[in-house]
file entry.cif (mmCIF, C-alpha atoms and all ligand atoms)
data_target
#
loop_
_atom_site.label_atom_id
_atom_site.label_comp_id
_atom_site.auth_asym_id
_atom_site.auth_seq_id
_atom_site.Cartn_x
_atom_site.Cartn_y
_atom_site.Cartn_z
CA MET A 1 -70.08 161.90 114.07
CA LYS A 2 -66.53 160.67 114.13
CA GLU A 3 -66.11 157.91 116.66
CA THR A 4 -63.13 157.87 118.94
CA GLY A 5 -61.10 154.75 119.60
CA LEU A 6 -62.45 154.72 123.15
CA ALA A 7 -66.08 154.86 121.99
CA ARG A 8 -65.33 151.93 119.72
CA LYS A 9 -63.96 149.87 122.57
CA VAL A 10 -66.88 150.41 124.97
CA LEU A 11 -69.52 149.40 122.40
CA MET A 12 -70.57 145.76 122.66
CA PRO A 13 -68.63 143.79 120.06
CA TYR A 14 -70.94 142.39 117.40
CA PRO A 15 -69.66 139.30 115.62
CA VAL A 16 -69.93 139.81 111.85
CA LEU A 17 -68.05 136.71 110.73
CA GLN A 18 -67.51 133.27 112.20
CA ALA A 19 -65.29 130.59 110.73
CA ASN A 20 -65.96 127.14 112.04
CA ARG A 21 -63.27 124.47 111.70
CA LEU A 22 -62.56 125.47 108.11
CA VAL A 23 -60.44 123.04 106.14
CA LYS A 24 -59.20 123.37 102.56
CA LYS A 25 -57.21 120.54 101.08
CA PHE A 26 -55.63 120.68 97.67
CA LYS A 27 -54.14 117.57 96.08
CA HIS A 28 -50.87 117.60 97.99
CA THR A 29 -51.45 120.35 100.52
CA VAL A 30 -53.64 121.16 103.48
CA ALA A 31 -53.79 124.89 102.82
CA VAL A 32 -56.13 125.68 105.73
CA ASN A 33 -56.36 123.28 108.63
CA SER A 34 -59.33 123.57 110.98
CA ALA A 35 -59.42 127.36 111.27
CA SER A 36 -61.97 128.69 113.77
CA PHE A 37 -62.26 132.34 114.69
CA THR A 38 -64.69 135.23 115.07
CA VAL A 39 -64.37 138.72 113.61
CA TYR A 40 -66.18 141.65 115.20
CA GLU A 41 -67.81 144.69 113.65
CA GLY A 42 -65.47 147.62 113.17
CA GLU A 43 -62.37 145.54 113.69
CA ILE A 44 -59.26 145.65 111.52
CA LEU A 45 -58.05 142.08 111.43
CA GLY A 46 -54.58 141.41 110.01
CA LEU A 47 -53.85 137.96 108.59
CA LEU A 48 -50.18 137.23 108.56
CA GLY A 49 -47.88 134.32 107.99
CA PRO A 50 -45.10 133.10 105.71
CA ASN A 51 -45.54 132.57 101.96
CA GLY A 52 -47.81 129.60 101.43
CA ALA A 53 -49.23 129.77 104.98
CA GLY A 54 -52.81 129.79 103.66
CA LYS A 55 -53.84 133.48 103.95
CA THR A 56 -55.18 133.90 100.41
CA THR A 57 -56.88 130.50 100.54
CA LEU A 58 -58.53 131.42 103.83
CA MET A 59 -59.75 134.70 102.38
CA ALA A 60 -61.15 132.89 99.33
CA LEU A 61 -63.03 130.52 101.65
CA LEU A 62 -64.49 133.49 103.57
CA LEU A 63 -65.77 134.89 100.27
CA ASP A 64 -67.04 131.56 98.93
CA LEU A 65 -64.64 131.83 96.00
CA LEU A 66 -63.38 128.41 97.05
CA THR A 67 -65.47 125.57 98.46
CA PRO A 68 -64.18 124.31 101.79
CA THR A 69 -63.26 120.65 102.14
CA SER A 70 -65.12 120.88 105.45
CA GLY A 71 -66.25 123.51 107.93
CA THR A 72 -68.54 126.50 107.59
CA VAL A 73 -68.49 130.29 107.41
CA SER A 74 -71.23 132.49 108.86
CA ILE A 75 -71.45 136.18 108.01
CA PHE A 76 -73.96 138.54 109.65
CA GLY A 77 -75.34 135.49 111.45
CA MET A 78 -76.16 133.63 108.20
CA GLU A 79 -74.44 130.63 106.73
CA LEU A 80 -72.46 131.87 103.74
CA ARG A 81 -73.09 129.01 101.32
CA LYS A 82 -76.86 129.18 101.89
CA ASN A 83 -77.15 132.98 101.76
CA ARG A 84 -74.45 133.78 99.25
CA GLU A 85 -76.10 136.63 97.37
CA LYS A 86 -77.53 138.37 100.43
CA ILE A 87 -74.16 138.33 102.14
CA LEU A 88 -71.90 139.06 99.19
CA ASN A 89 -73.94 142.18 98.36
CA GLN A 90 -72.71 143.63 101.65
CA VAL A 91 -69.03 142.76 101.42
CA ASN A 92 -66.29 143.31 98.87
CA PHE A 93 -62.69 142.42 98.23
CA SER A 94 -59.62 143.59 96.45
CA SER A 95 -56.63 141.67 95.28
CA THR A 96 -54.09 142.75 92.70
CA TYR A 97 -53.87 139.13 91.69
CA ILE A 98 -57.48 138.97 90.56
CA ALA A 99 -57.60 140.23 87.01
CA MET A 100 -59.79 143.12 85.90
CA PRO A 101 -60.78 143.40 82.25
CA LEU A 102 -57.62 145.05 80.92
CA SER A 103 -59.07 146.29 77.63
CA LEU A 104 -61.53 148.55 79.48
CA THR A 105 -60.66 152.02 80.69
CA VAL A 106 -60.52 152.76 84.40
CA ARG A 107 -63.92 154.43 84.24
CA GLU A 108 -65.46 151.59 82.20
CA ASN A 109 -64.22 149.07 84.74
CA MET A 110 -65.74 151.06 87.58
CA VAL A 111 -69.05 151.42 85.69
CA PHE A 112 -69.04 147.68 84.96
CA PHE A 113 -68.68 146.79 88.64
CA ALA A 114 -71.07 149.56 89.76
CA MET A 115 -73.77 148.08 87.52
CA LEU A 116 -72.98 144.58 88.75
CA TYR A 117 -73.44 145.81 92.35
CA HIS A 118 -76.49 148.00 91.50
CA VAL A 119 -74.82 151.09 92.95
CA PRO A 120 -77.27 154.00 92.95
CA ASP A 121 -76.01 157.32 91.58
CA TYR A 122 -72.89 155.52 90.42
CA GLU A 123 -71.33 158.33 88.38
CA LYS A 124 -70.99 160.43 91.53
CA ARG A 125 -69.72 157.48 93.61
CA ILE A 126 -67.15 156.55 90.95
CA GLY A 127 -65.88 160.13 90.83
CA GLU A 128 -65.54 160.24 94.63
CA LEU A 129 -63.71 156.91 94.83
CA LEU A 130 -61.29 157.60 91.99
CA ALA A 131 -60.43 160.89 93.69
CA LEU A 132 -60.11 159.20 97.10
CA CYS A 133 -57.71 156.61 95.69
CA GLU A 134 -55.91 159.34 93.71
CA ILE A 135 -56.42 157.80 90.30
CA ASP A 136 -58.95 160.33 88.98
CA HIS A 137 -56.34 161.61 86.51
CA LEU A 138 -56.34 158.09 84.98
CA THR A 139 -60.11 157.89 84.42
CA ASN A 140 -59.84 157.42 80.66
CA CYS A 141 -56.67 155.30 80.61
CA LEU A 142 -56.81 151.69 79.57
CA THR A 143 -56.51 149.41 82.58
CA ARG A 144 -53.65 147.52 80.92
CA GLU A 145 -51.61 150.74 80.91
CA LEU A 146 -51.73 151.18 84.68
CA SER A 147 -48.69 150.59 86.88
CA THR A 148 -48.98 147.88 89.55
CA GLY A 149 -49.60 150.46 92.28
CA GLN A 150 -52.23 152.27 90.20
CA LEU A 151 -53.96 148.95 89.51
CA SER A 152 -54.05 148.12 93.17
CA ARG A 153 -55.63 151.53 93.89
CA LEU A 154 -58.23 150.81 91.20
CA ASN A 155 -58.92 147.48 92.89
CA LEU A 156 -59.43 149.27 96.18
CA ALA A 157 -61.76 151.85 94.60
CA LYS A 158 -63.77 149.04 93.03
CA ALA A 159 -63.96 147.27 96.39
CA MET A 160 -65.56 150.32 98.03
CA LEU A 161 -68.23 150.85 95.35
CA ASN A 162 -71.02 149.08 97.23
CA ARG A 163 -70.13 150.59 100.65
CA PRO A 164 -69.23 147.16 102.05
CA LYS A 165 -69.71 146.30 105.71
CA ILE A 166 -66.76 143.93 105.47
CA LEU A 167 -63.80 144.67 103.24
CA PHE A 168 -61.42 141.81 102.39
CA LEU A 169 -58.07 143.01 101.10
CA ASP A 170 -55.30 140.68 99.97
CA GLU A 171 -52.02 142.58 100.30
CA PRO A 172 -53.56 146.02 99.61
CA THR A 173 -50.31 147.88 100.18
CA ALA A 174 -47.84 145.38 98.66
CA SER A 175 -47.12 147.34 95.51
CA LEU A 176 -47.61 150.85 96.84
CA ASP A 177 -44.90 153.41 97.47
CA PRO A 178 -44.49 154.38 101.16
CA GLU A 179 -46.58 157.54 100.91
CA MET A 180 -49.44 155.83 99.12
CA ALA A 181 -49.27 152.86 101.51
CA GLN A 182 -49.63 155.28 104.42
CA LYS A 183 -52.65 156.89 102.73
CA VAL A 184 -54.28 153.47 102.31
CA ARG A 185 -53.65 152.68 105.99
CA ASP A 186 -55.23 156.01 106.97
CA LEU A 187 -58.17 155.28 104.70
CA LEU A 188 -58.74 151.86 106.30
CA LYS A 189 -58.62 153.35 109.81
CA ASN A 190 -61.04 156.02 108.69
CA LEU A 191 -63.47 153.46 107.26
CA ARG A 192 -63.34 151.63 110.57
CA ASP A 193 -63.71 154.72 112.74
CA THR A 194 -66.40 156.55 110.79
CA LEU A 195 -68.44 153.73 109.22
CA ARG A 196 -67.58 150.82 111.55
CA CYS A 197 -66.48 148.94 108.44
CA THR A 198 -64.75 145.66 109.27
CA VAL A 199 -61.48 145.14 107.43
CA ILE A 200 -59.83 141.74 106.99
CA TYR A 201 -56.53 142.10 105.24
CA THR A 202 -53.20 140.40 104.60
CA SER A 203 -49.77 141.95 104.55
CA HIS A 204 -46.12 141.02 104.81
CA ASN A 205 -45.36 144.41 106.33
CA MET A 206 -45.09 143.58 110.02
CA LEU A 207 -44.80 147.20 111.13
CA GLU A 208 -47.96 148.04 109.23
CA ILE A 209 -49.83 145.13 110.80
CA GLU A 210 -48.64 146.19 114.23
CA GLN A 211 -49.75 149.78 113.63
CA ILE A 212 -53.25 149.33 112.25
CA SER A 213 -54.58 145.92 113.31
CA ASP A 214 -56.92 145.68 116.27
CA ARG A 215 -56.33 141.97 116.16
CA ILE A 216 -54.16 139.59 114.20
CA ILE A 217 -54.39 135.98 113.17
CA PHE A 218 -51.06 134.32 112.56
CA LEU A 219 -51.16 131.42 110.13
CA ASN A 220 -48.40 128.90 109.67
CA ARG A 221 -48.71 125.90 107.37
CA GLY A 222 -52.48 126.30 107.32
CA GLU A 223 -52.86 126.41 111.11
CA ILE A 224 -53.78 129.38 113.26
CA ILE A 225 -50.89 129.57 115.69
CA ALA A 226 -51.88 132.84 117.36
CA ASP A 227 -55.01 134.99 117.56
CA GLY A 228 -55.03 138.18 119.59
CA THR A 229 -54.03 141.81 119.66
CA PRO A 230 -50.56 142.51 118.27
CA ARG A 231 -49.38 143.04 121.86
CA GLN A 232 -50.79 139.69 123.04
CA VAL A 233 -49.08 137.88 120.17
CA MET A 234 -45.74 139.58 120.92
CA GLU A 235 -46.12 138.59 124.57
CA LEU A 236 -46.97 135.01 123.62
CA TYR A 237 -43.70 134.75 121.73
CA GLN A 238 -41.81 137.02 124.13
CA LYS A 239 -40.72 139.31 121.33
CA ARG A 240 -40.59 143.10 121.09
CA ASN A 241 -42.20 143.35 117.66
CA LEU A 242 -44.05 141.29 115.08
CA GLU A 243 -41.07 141.14 112.77
CA GLU A 244 -39.19 139.19 115.44
CA VAL A 245 -42.24 136.97 116.03
CA PHE A 246 -42.43 136.30 112.31
CA LEU A 247 -38.76 135.38 112.04
CA LYS A 248 -39.05 133.06 115.02
CA VAL A 249 -42.06 131.30 113.46
CA ALA A 250 -40.53 131.18 109.98
CA ARG A 251 -37.28 129.68 111.26
CA GLY A 252 -38.68 127.34 113.86
CA PRO A 253 -41.15 124.47 113.92
CA GLY A 254 -43.77 126.57 115.78
CA ILE A 255 -44.11 128.05 119.24
CA GLN A 256 -40.78 127.64 121.02
N1 LIG A 301 -55.37 126.24 93.51
C1 LIG A 301 -54.44 125.61 94.20
N2 LIG A 301 -54.09 124.33 93.92
C2 LIG A 301 -53.17 123.67 94.65
N3 LIG A 301 -52.52 124.20 95.71
C3 LIG A 301 -52.84 125.47 96.04
C4 LIG A 301 -53.79 126.23 95.32
N4 LIG A 301 -53.89 127.46 95.89
C5 LIG A 301 -53.02 127.46 96.91
N5 LIG A 301 -52.40 126.27 97.02
C6 LIG A 301 -51.42 125.89 98.02
O1 LIG A 301 -51.97 126.18 99.29
C7 LIG A 301 -50.98 126.71 100.16
C8 LIG A 301 -51.44 128.06 100.68
O2 LIG A 301 -51.39 129.00 99.63
P1 LIG A 301 -51.88 130.51 99.79
O3 LIG A 301 -51.86 131.15 98.47
O4 LIG A 301 -53.16 130.50 100.54
O5 LIG A 301 -50.75 131.10 100.75
P2 LIG A 301 -50.49 132.60 101.24
O6 LIG A 301 -50.39 132.56 102.72
O7 LIG A 301 -51.49 133.51 100.65
O8 LIG A 301 -49.05 132.90 100.66
P3 LIG A 301 -48.38 134.28 100.11
O9 LIG A 301 -47.89 135.01 101.30
O10 LIG A 301 -47.25 133.79 99.26
O11 LIG A 301 -49.43 135.03 99.32
C9 LIG A 301 -49.68 126.76 99.36
O12 LIG A 301 -48.92 125.61 99.68
C10 LIG A 301 -50.14 126.72 97.92
O13 LIG A 301 -49.21 126.09 97.10
MG MG A 302 -51.41 135.13 99.36
#

call {"tool": "encode", "arguments": {"input": "entry.cif", "output": "structure tokens", "more": "lines below"}}
Ligand SMILES: Nc1ncnc2c1ncn2[C@@H]1O[C@H](COP(=O)(O)OP(=O)(O)OP(=O)(O)O)[C@@H](O)[C@H]1O
Ligand SMILES: [Mg+2]
result
Amino acid sequence: MKETGLARKVLMPYPVLQANRLVKKFKHTVAVNSASFTVYEGEILGLLGPNGAGKTTLMALLLDLLTPTSGTVSIFGMELRKNREKILNQVNFSSTYIAMPLSLTVRENMVFFAMLYHVPDYEKRIGELLALCEIDHLTNCLTRELSTGQLSRLNLAKAMLNRPKILFLDEPTASLDPEMAQKVRDLLKNLRDTLRCTVIYTSHNMLEIEQISDRIIFLNRGEIIADGTPRQVMELYQKRNLEEVFLKVARGPGIQ
């Protein structure tokens, strides 16, 4: 049954992810500075902020790809670092910046990840996902021959192989043409509405974030400076849209 937006709102929110005072320090930088927040089931959460704000680092901490300097992450009520395998089996991520084996064909890459994730009936699933992401005509192409947008669609298809309960997407629409970007947005809303999949994603497209995010977290210099619905964040900064909020934050020292 397809859930309506209203049905989604009246269900009790179930917290699927909790970040607790997460800190990540690199040699000269505090990339994430004491980030605490909760993400609920079936929520599309947009992470936004200027270049270098800490979005990718935060996402890597939530996936245990990076070890936090301090702080903890709990997913599905379990501490991530202690239940890594159990949790990571139920989530997935896509980022164009994470390399896929380029000498494999599109299909071989999908089979490789399907086997890694123990996807049952994987041939059928791969066929469905390549069609869904509109790269089925590229099945036998070498991955190195794909355009940036095609590669990012392959990344997305790979990320859906294990039917994740939480999908982490780092700039999923950055290299897509407007029509394809719209299709990806529709797909994410559909995953949320039909499967109650939680989506945590980053984007520099403020209009997109405004349109599809149930909630946003605004990062600036590693700090969460706003956490709320797009409307709440616009009201906090007394701006009519997120683009204006962004420009105010990027130009100023913080909340003014
Ligand atoms: N491996 C690393 N070693 C040292 N510094 C790093 C490393 N990774 C990230 N940083 C620094 O941490 C800060 C946050 O970087 P991050 O990539 O998380 O930002 P971002 O918000 O994703 O930016 P963008 O919008 O450009 O993708 C930056 O100052 C960056 O230089
Ligand atoms: Mg980034």

call {"tool": "atom_distance", "arguments": {"input": "entry.cif", "atom1": "CA of Tyr201 in chain A", "atom2": "CA of Asp170 in chain A"}}
result
5.6 Å

call {"tool": "closest_residue", "arguments": {"input": "entry.cif", "among": "A:Leu242, A:Leu61, A:Met12, A:Ala53", "to": "ligand LIG 301 (chain A)", "atoms": "only C-alpha atoms and all ligand atoms"}}
result
A:Ala53

call {"tool": "residues_around", "arguments": {"input": "entry.cif", "residues": "Asn109 in chain A", "least_positions_apart": "6", "cutoff": "9 Å", "atoms": "all atoms listed in the file", "output": "PyMOL selection string"}}
result
chain A and resi 100-102+143+154+158

call {"tool": "atom_distance", "arguments": {"input": "entry.cif", "atom1": "CA of Pro50 in chain A", "atom2": "CA of Pro13 in chain A"}}
result
29.6 Å

call {"tool": "axis_aligned_box", "arguments": {"input": "entry.cif", "around": "range 229-238 of chain A", "padding_each_side": "5 Å", "output": "lines of an AutoDock Vina configuration file"}}
result
center_x = -47.9
center_y = 138.9
center_z = 121.4
size_x = 22.2
size_y = 18.3
size_z = 16.3

call {"tool": "residues_near_point", "arguments": {"input": "entry.cif", "point": "(-54.7, 123.9, 104.0)", "cutoff": "7 Å", "atoms": "all atoms listed in the file", "output": "list in words"}}
result
Val23, Lys24, Lys25, Thr29, Val30, Ala31, Val32, Asn33, Gly54 and Gly222 of chain A

call {"tool": "residues_around", "arguments": {"input": "entry.cif", "residues": "range 124-137 of chain A", "least_positions_apart": "2", "cutoff": "6 Å", "atoms": "all atoms listed in the file", "output": "compact mmCIF listing (two decimals) with C-alpha atoms, in the frame of the given file"}}
result
# COMPACT_ATOMS: atom_id res chain seq x y z
CA ASP A 121 -76.01 157.32 91.58
CA TYR A 122 -72.89 155.52 90.42
CA THR A 139 -60.11 157.89 84.42
CA ARG A 153 -55.63 151.53 93.89
CA ALA A 157 -61.76 151.85 94.60

call {"tool": "residues_near_ligand", "arguments": {"input": "entry.cif", "ligand": "ligand MG 302 (chain A)", "cutoff": "8 Å", "atoms": "all atoms listed in the file", "output": "CSV table (one decimal) with C-alpha atoms, in the frame of the given file"}}
result
chain,number,residue,atom,x,y,z
A,51,ASN,CA,-45.5,132.6,102.0
A,52,GLY,CA,-47.8,129.6,101.4
A,54,GLY,CA,-52.8,129.8,103.7
A,55,LYS,CA,-53.8,133.5,104.0
A,56,THR,CA,-55.2,133.9,100.4
A,57,THR,CA,-56.9,130.5,100.5
A,170,ASP,CA,-55.3,140.7,100.0
A,171,GLU,CA,-52.0,142.6,100.3
A,202,THR,CA,-53.2,140.4,104.6

call {"tool": "closest_residue", "arguments": {"input": "entry.cif", "among": "A:Val249, A:Lys27, A:Arg84, A:Met160", "to": "ligand LIG 301 (chain A)", "atoms": "only C-alpha atoms and all ligand atoms"}}
result
A:Lys27

call {"tool": "atom_distance", "arguments": {"input": "entry.cif", "atom1": "CA of Tyr40 in chain A", "atom2": "CA of Leu17 in chain A"}}
result
6.9 Å

call {"tool": "closest_residue", "arguments": {"input": "entry.cif", "among": "A:Gln238, A:Ser95, A:Thr229, A:Ser213", "to": "Pro172 in chain A", "atoms": "all atoms listed in the file"}}
result
A:Ser95

call {"tool": "residues_around", "arguments": {"input": "entry.cif", "residues": "range 179-196 of chain A", "least_positions_apart": "4", "cutoff": "12 Å", "atoms": "all atoms listed in the file", "output": "ChimeraX atom specification"}}
result
/A:1-9,11,13-14,16,40-46,129,132-135,149-150,152-153,156-157,160,163-169,171-175,200-201,203,205,207-214

call {"tool": "closest_residue", "arguments": {"input": "entry.cif", "among": "A:Cys141, A:Leu219, A:Cys197, A:Val245", "to": "Arg231 in chain A", "atoms": "all atoms listed in the file"}}
result
A:Val245

call {"tool": "residues_near_point", "arguments": {"input": "entry.cif", "point": "(-65.7, 147.5, 93.0)", "cutoff": "9 Å", "atoms": "only C-alpha atoms", "output": "MDAnalysis selection string"}}
result
chainID A and resid 92:94 109:114 116:117 154:162

call {"tool": "closest_residue", "arguments": {"input": "entry.cif", "among": "A:Ala35, A:Ala19, A:Leu47, A:Asn241", "to": "Leu80 in chain A", "atoms": "only C-alpha atoms"}}
result
A:Ala19

call {"tool": "closest_residue", "arguments": {"input": "entry.cif", "among": "A:Arg21, A:Lys86, A:Arg221, A:Lys239", "to": "ligand LIG 301 (chain A)", "atoms": "all atoms listed in the file"}}
result
A:Arg221
